[in-house]
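Quick notes on the structure that follows.
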Amino acid sequence: MKLRAGAAFFLMILMVLFGVVFGAYRGWNEERAMVEETWAGLESMLQARVESAYNVLTVAGRHLPQDHEAVVRLRNARDTLEGENSLSEKAAANEELTRAAKDVLALLVETPSVQQDSRDRMYAESYLPQMLAQSEEKTAGAQYNIAAAQFNERLSASLSGKIASLLGIEMAEEFIAP
């Protein structure tokens with residue numbers, strides 16, 4: 001009789017532990033999936049940045065040497081954002097895209113051929129800087145980064161998060177340059 005009571009008690013403890021472990025894994029896996037859902041918003045913002053870079057490079061292609069340092073930096077940043085790179089690499093490229101695009105636009109505004117072309121002057125002085133600024137602002141406040149940071153904080157701060165981490169739930173990569 002004592003043996004059956006002990007076995008039942010042991011089985012009950014195992015079931016409770018299994019429930020806690022399974023619940024932690026499943027719950028955190030679902031939370032991680034919700035963070036990943038916000039990635040689409042950041043991805044579309046990054047695509048807008050890539051399109052902005054293409055536009056700046058198109059105007060620059062008409063007026064600046066293609067091997068100019070600022071043009072090359074902008075092209076490389078665009079290619080990194082477009083490619084299959086880590087989020088930290090893309091975040092660094094996003095920052096470089098901003099700097100390089102500003103440099104290219106500054107060069108364009110000072111270029112005599114741009115000043116003589118009313119369409120390209122409007123692009124270089126007004127339209128493209130505004131487009132870049134808007135996409136930079138939206139990317140900086142991206143919901144993905146907020147969701148990833150909150151997820152990581154909760155995952156590392158709770159017992160169930162620690163259990164989930166042991167079972168393979170990883171922290172969300174944040175969109176932050178190294």
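So you can find residues: chains in the structure tokens are A, B, ... in the order shown, residues in each start at 1, and ligands are numbered from 1 in order.
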
Neighbours of Arg78 of chain A within 6 Å (only C-alpha atoms; same-chain residues fewer than 3 positions away dropped), as a PyMOL selection string? chain A and resi 50+75+81

Can you tell me, as an MDAnalysis selection string, what residues are no more than 12 Å from Glu37 of chain A when counting only C-alpha atoms, ignoring any on the same chain fewer than 2 positions away? chainID A and resid 30:35 39:43 143:145 147:148 172

Could you list, as a ChimeraX atom specification, every residue within 12 Å of Leu167 of chain A, counting only C-alpha atoms and ignoring same-chain residues fewer than 5 positions away? /A:21-26,28-29,160-162

Segment 84-99 of chain A surroundings by only C-alpha atoms, 6 Å radius, close-in-sequence under 5 positions cut, as a ChimeraX atom specification: /A:74,77,175-177

Using only C-alpha atoms, determine which residues lie at most 12 Å from segment 59-69 of chain A, disregarding the query and same-chain residues fewer than 6 positions distant; provide the list as number ranges by chain. A: 52-53, 75-76, 100-117, 119-125, 127-128

Which of chain A fall in alpha helix (DSSP H), as a PyMOL selection string: chain A and resi 2-37+39-63+69-82+87-110+112-116+118-122+128-140+143-157+159-166

As an exercise, work out the distance from atom CA of Asn55 of chain A to atom CA of Glu174 of chain A in Å and give it to one decimal place.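 Taking atom CA of Asn55 of chain A as the start and atom CA of Glu174 of chain A as the end point, the length is 27.7 Å.
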
Using only C-alpha atoms, which of the listed residues (A:Val71, A:Ile13, A:Gly168, A:Lys138) sits closest to Leu46 of chain A?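 Checking each candidate against Leu46 of chain A, we get A:Lys138 as the closest.
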
Record the distance separating atom CA of Thr38 of chain A and atom CA of Ile169 of chain A, expressed in Å with one decimal. 17.6 Å

For Ile146 of chain A, the closest of A:Glu36, A:Thr80, A:Leu132, A:Ser158 counting only C-alpha atoms is A:Glu36
